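Asks: Quick one, final-v3.json (JSON, C-alpha atoms and all ligand atoms):
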```json
[["chain", "number", "residue", "atom", "x", "y", "z"],
["A", 1, "MET", "CA", 0.00, 0.00, 0.00],
["A", 2, "LEU", "CA", 2.74, 2.42, 1.04],
["A", 3, "LYS", "CA", 4.68, 1.27, -1.99],
["A", 4, "HIS", "CA", 1.71, 2.16, -4.21],
["A", 5, "LEU", "CA", 1.42, 5.60, -2.66],
["A", 6, "MET", "CA", 5.10, 6.28, -3.12],
["A", 7, "LEU", "CA", 4.94, 5.08, -6.71],
["A", 8, "SER", "CA", 2.00, 7.38, -7.40],
["A", 9, "ALA", "CA", 3.82, 10.32, -5.84],
["A", 10, "ALA", "CA", 6.95, 9.59, -7.87],
["A", 11, "LEU", "CA", 4.92, 9.39, -11.08],
["A", 12, "VAL", "CA", 3.11, 12.64, -10.34],
["A", 13, "MET", "CA", 6.39, 14.42, -9.61],
["A", 14, "SER", "CA", 8.18, 13.01, -12.63],
["A", 15, "LEU", "CA", 5.37, 14.17, -14.93],
["A", 16, "GLY", "CA", 5.92, 17.75, -13.78],
["A", 17, "THR", "CA", 4.79, 20.37, -16.27],
["A", 18, "ALA", "CA", 5.38, 18.29, -19.39],
["A", 19, "ARG", "CA", 2.40, 16.13, -18.69],
["A", 20, "PRO", "CA", 1.21, 13.82, -21.44],
["A", 21, "LEU", "CA", -2.26, 14.22, -22.89],
["A", 22, "ASP", "CA", -4.99, 13.80, -20.36],
["A", 23, "ALA", "CA", -6.76, 10.46, -20.84],
["A", 24, "ALA", "CA", -10.03, 12.26, -21.44],
["A", 25, "GLU", "CA", -8.44, 14.33, -24.22],
["A", 26, "ALA", "CA", -6.53, 11.48, -25.81],
["A", 27, "CYS", "CA", -9.42, 9.04, -25.67],
["A", 28, "ALA", "CA", -11.95, 11.51, -27.06],
["A", 29, "ALA", "CA", -10.47, 11.41, -30.57],
["A", 30, "PRO", "CA", -13.43, 10.41, -32.77],
["A", 31, "ASP", "CA", -11.75, 7.57, -34.63],
["A", 32, "LEU", "CA", -9.98, 6.08, -31.66],
["A", 33, "ASP", "CA", -10.69, 2.53, -30.52],
["A", 34, "ALA", "CA", -10.08, 1.15, -27.06],
["A", 35, "GLU", "CA", -6.64, -0.15, -27.94],
["A", 36, "GLY", "CA", -5.63, 3.24, -29.32],
["A", 37, "CYS", "CA", -6.94, 4.89, -26.17],
["A", 38, "PHE", "CA", -4.94, 2.52, -23.99],
["A", 39, "ASP", "CA", -1.80, 3.00, -26.09],
["A", 40, "ARG", "CA", -2.01, 6.76, -25.83],
["A", 41, "SER", "CA", -3.35, 7.27, -22.34],
["A", 42, "CYS", "CA", -2.42, 4.28, -20.25],
["A", 43, "SER", "CA", 0.45, 2.30, -21.73],
["A", 44, "PHE", "CA", 3.21, 4.68, -20.66],
["A", 45, "CYS", "CA", 2.38, 3.75, -17.08],
["A", 46, "HIS", "CA", 0.93, 0.27, -17.67],
["A", 47, "ARG", "CA", 3.03, -1.59, -20.18],
["A", 48, "ASP", "CA", 1.80, -5.07, -19.40],
["A", 49, "VAL", "CA", -1.99, -5.43, -19.73],
["A", 50, "THR", "CA", -2.02, -9.02, -18.50],
["A", 51, "ARG", "CA", -0.26, -8.00, -15.33],
["A", 52, "LEU", "CA", -2.50, -4.96, -14.91],
["A", 53, "MET", "CA", -5.56, -7.21, -15.12],
["A", 54, "ALA", "CA", -4.19, -9.93, -12.81],
["A", 55, "PRO", "CA", -6.06, -8.69, -9.70],
["A", 56, "TYR", "CA", -9.33, -8.92, -11.65],
["A", 57, "ALA", "CA", -8.73, -12.37, -13.13],
["A", 58, "ASP", "CA", -10.46, -14.23, -10.30],
["A", 59, "LEU", "CA", -13.54, -12.03, -10.24],
["A", 60, "ALA", "CA", -16.76, -12.86, -12.03],
["A", 61, "PRO", "CA", -16.93, -10.84, -15.27],
["A", 62, "GLU", "CA", -19.73, -8.62, -13.98],
["A", 63, "GLU", "CA", -17.81, -7.92, -10.79],
["A", 64, "ALA", "CA", -14.59, -7.13, -12.64],
["A", 65, "ARG", "CA", -16.50, -4.81, -14.95],
["A", 66, "ALA", "CA", -18.13, -2.98, -12.04],
["A", 67, "GLU", "CA", -14.81, -2.65, -10.18],
["A", 68, "LEU", "CA", -13.04, -1.28, -13.24],
["A", 69, "ASP", "CA", -15.86, 1.11, -14.03],
["A", 70, "ARG", "CA", -15.76, 2.49, -10.51],
["A", 71, "PHE", "CA", -11.97, 2.73, -10.48],
["A", 72, "LEU", "CA", -11.59, 4.33, -13.91],
["A", 73, "THR", "CA", -14.17, 6.99, -13.08],
["A", 74, "ARG", "CA", -11.50, 8.49, -10.85],
["A", 75, "HIS", "CA", -8.28, 7.21, -12.43],
["A", 76, "HIS", "CA", -7.29, 9.14, -15.59],
["A", 77, "PRO", "CA", -10.97, 9.05, -16.50],
["A", 78, "PRO", "CA", -11.80, 8.51, -20.15],
["A", 79, "GLU", "CA", -15.31, 9.68, -21.04],
["A", 80, "ALA", "CA", -18.12, 7.21, -20.27],
["A", 81, "GLU", "CA", -18.45, 5.72, -23.74],
["A", 82, "MET", "CA", -14.72, 5.13, -24.14],
["A", 83, "ARG", "CA", -14.52, 3.84, -20.59],
["A", 84, "ALA", "CA", -17.00, 1.09, -21.46],
["A", 85, "ALA", "CA", -15.09, 0.20, -24.65],
["A", 86, "LEU", "CA", -11.81, 0.26, -22.74],
["A", 87, "ILE", "CA", -13.16, -2.07, -20.06],
["A", 88, "ASP", "CA", -14.41, -4.50, -22.73],
["A", 89, "TRP", "CA", -10.96, -4.49, -24.27],
["A", 90, "LEU", "CA", -9.15, -4.87, -20.95],
["A", 91, "LEU", "CA", -11.27, -7.88, -20.04],
["A", 92, "MET", "CA", -10.72, -9.69, -23.33],
["A", 93, "PRO", "CA", -7.09, -10.71, -23.65],
["A", 94, "GLU", "CA", -7.77, -12.62, -26.88],
["A", 95, "ASP", "CA", -8.66, -9.28, -28.54],
["A", 96, "GLN", "CA", -5.38, -7.81, -27.38],
["A", 97, "ALA", "CA", -3.40, -10.73, -28.81],
["A", 98, "SER", "CA", -5.08, -10.59, -32.21],
["A", 99, "GLU", "CA", -4.44, -6.90, -32.86],
["B", 1, "LIG", "C1", 0.61, 8.55, -14.73],
["B", 1, "LIG", "C2", 0.62, 7.11, -14.68],
["B", 1, "LIG", "C3", -0.66, 6.35, -14.95],
["B", 1, "LIG", "C4", -1.52, 6.49, -16.02],
["B", 1, "LIG", "C5", -1.44, 7.46, -17.18],
["B", 1, "LIG", "C6", -2.55, 5.49, -15.84],
["B", 1, "LIG", "N1", -2.32, 4.78, -14.69],
["B", 1, "LIG", "FE1", -3.42, 3.24, -14.00],
["B", 1, "LIG", "N2", -2.30, 3.17, -12.30],
["B", 1, "LIG", "C7", -1.20, 3.96, -12.04],
["B", 1, "LIG", "C8", -0.71, 3.68, -10.70],
["B", 1, "LIG", "C9", 0.49, 4.32, -10.02],
["B", 1, "LIG", "C10", -1.58, 2.69, -10.16],
["B", 1, "LIG", "C11", -1.55, 2.05, -8.76],
["B", 1, "LIG", "C12", -1.99, 3.02, -7.71],
["B", 1, "LIG", "C13", -3.44, 3.34, -7.76],
["B", 1, "LIG", "O1", -4.24, 2.45, -7.46],
["B", 1, "LIG", "O2", -3.78, 4.49, -8.12],
["B", 1, "LIG", "C14", -2.58, 2.40, -11.18],
["B", 1, "LIG", "C15", -3.59, 1.48, -11.06],
["B", 1, "LIG", "C16", -4.43, 1.09, -12.07],
["B", 1, "LIG", "C17", -5.41, 0.03, -11.99],
["B", 1, "LIG", "C18", -5.68, -0.84, -10.76],
["B", 1, "LIG", "C19", -4.79, -2.05, -10.79],
["B", 1, "LIG", "C20", -5.01, -2.88, -9.54],
["B", 1, "LIG", "O3", -4.02, -3.38, -9.04],
["B", 1, "LIG", "O4", -6.16, -3.03, -9.11],
["B", 1, "LIG", "C21", -6.04, -0.04, -13.20],
["B", 1, "LIG", "C22", -7.15, -1.02, -13.63],
["B", 1, "LIG", "C23", -5.49, 1.00, -14.04],
["B", 1, "LIG", "N3", -4.52, 1.67, -13.33],
["B", 1, "LIG", "C24", -5.87, 1.25, -15.34],
["B", 1, "LIG", "C25", -5.48, 2.37, -16.07],
["B", 1, "LIG", "C26", -6.05, 2.75, -17.35],
["B", 1, "LIG", "C27", -7.13, 1.98, -18.10],
["B", 1, "LIG", "C28", -5.43, 3.91, -17.72],
["B", 1, "LIG", "C29", -5.70, 4.77, -18.94],
["B", 1, "LIG", "C30", -7.05, 5.34, -19.05],
["B", 1, "LIG", "C31", -4.47, 4.22, -16.68],
["B", 1, "LIG", "N4", -4.53, 3.27, -15.70],
["B", 1, "LIG", "C32", -3.60, 5.31, -16.73],
["B", 1, "LIG", "C33", -0.62, 4.84, -12.92],
["B", 1, "LIG", "C34", -1.19, 5.28, -14.10]]
```
Would you put the structure from the file into structure tokens?
Ligand code: HEC

Replies:
Amino acid sequence: MLKHLMLSAALVMSLGTARPLDAAEACAAPDLDAEGCFDRSCSFCHRDVTRLMAPYADLAPEEARAELDRFLTRHHPPEAEMRAALIDWLLMPEDQASE
């Protein structure tokens, strides 16, 4: 837990003024799919999707979806429509492998 907090603080400090595009901005591009949104807004902090999703692997799909929806409402929040598409993509590793 402390480790997580320290990691967050370090990331916030290292971003400084040259912050990358806000997830909401990056993921609002009209032709962007979930994978593109993740690549632009999430992948510079989360390089390994399988590892990112590991804590959700044992949850029932509906539970994982609800957890992620709640979490991503506060965490670099993409707009609602993209959030739903992003969650679909995150929960379907076979889609990630095929693209
Ligand atoms: C600036 C770096 C950064 C960006 C950008 C970022 N994250 Fe995160 N993410 C973190 C950190 C640090 C944590 C762990 C601490 C926390 O819970 O906030 C985390 C935690 C998470 C978790 C929870 C994992 C768990 O263990 O339960 C998920 C899911 C997640 N991020 C998804 C995303 C998605 C999707 C995006 C893009 C919309 C995104 N993140 C963008 C840094 C980032």

Asks: Let me know the centre plus edge lengths, in Å and rounded to one decimal, of a box with edges along x, y and z that contains all listed atoms of range 54-73 of chain A and is padded by 6 Å on every side, as JSON.

Replies:
```
{"center_x": -12.0, "center_y": -3.6, "center_z": -12.5, "size_x": 27.5, "size_y": 33.2, "size_z": 17.6}
```

Asks: Just to confirm, what's the straight-line distance from atom FE1 of ligand LIG 1 (chain B) to CA of Leu52 in chain A in Å (one decimal)?

Replies: 8.3 Å

Asks: Could you check which of A:Cys27, A:Cys42, A:Leu59, A:Ala80 is closest to ligand LIG 1 (chain B), using only C-alpha atoms and all ligand atoms?

Replies: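 Looking at the shortest contact to ligand LIG 1 (chain B), the residue is A:Cys42.
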
Asks: Quick one: distance from atom C26 of ligand LIG 1 (chain B) to CA of Arg83 in chain A in Å, one decimal?

Replies: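 Going from atom C26 of ligand LIG 1 (chain B) over to CA of Arg83 in chain A covers 9.1 Å.
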
Asks: I'd like the contact shell of Glu81 in chain A - 12 Å cut-off, all atoms listed in the file, skipping same-chain residues fewer than 3 positions apart - returned as a ChimeraX atom specification.

Replies: /A:24,27-30,32-34,37,69,73,77-78,84-88

Asks: Counting all atoms listed in the file, which residue out of A:Ala60, A:Ala26, A:Leu68, A:Leu91 sits closest to ligand LIG 1 (chain B)?

Replies: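 For ligand LIG 1 (chain B), the nearest of the given residues is A:Leu68.
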
Asks: Between CA of Glu62 in chain A and CA of Phe44 in chain A, what is the distance in Å, rounded to a tenth?

Replies: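 Spanning CA of Glu62 in chain A to CA of Phe44 in chain A is a straight-line distance of 27.3 Å.
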
Asks: Between A:Glu63, A:Met92, A:Asp58, A:Phe71, which is the closest to ligand LIG 1 (chain B) once you count all atoms listed in the file?

Replies: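 Of A:Glu63, A:Met92, A:Asp58, A:Phe71, the one nearest ligand LIG 1 (chain B), counting all atoms listed in the file, is A:Phe71.
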
Asks: Could you tell me which of A:Met53, A:His75, A:Leu90, A:Glu67 comes closest to Asp39 in chain A if we count only C-alpha atoms?

Replies: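 Nearest candidate to Asp39 in chain A out of A:Met53, A:His75, A:Leu90, A:Glu67: A:Leu90.
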
Asks: Using all atoms listed in the file, pick whichever of A:Cys45, A:Glu35, A:Arg70, A:Pro61 has the shortest atom-to-atom distance to ligand LIG 1 (chain B).

Replies: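 When distances to ligand LIG 1 (chain B) are compared using all atoms listed in the file, the smallest one comes from A:Cys45.
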
Asks: Using all atoms listed in the file, which residue out of A:Glu25, A:Ser41, A:Trp89, A:Glu79 lies closest to ligand LIG 1 (chain B)?

Replies: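 Distance minimum relative to ligand LIG 1 (chain B) lands on A:Ser41.
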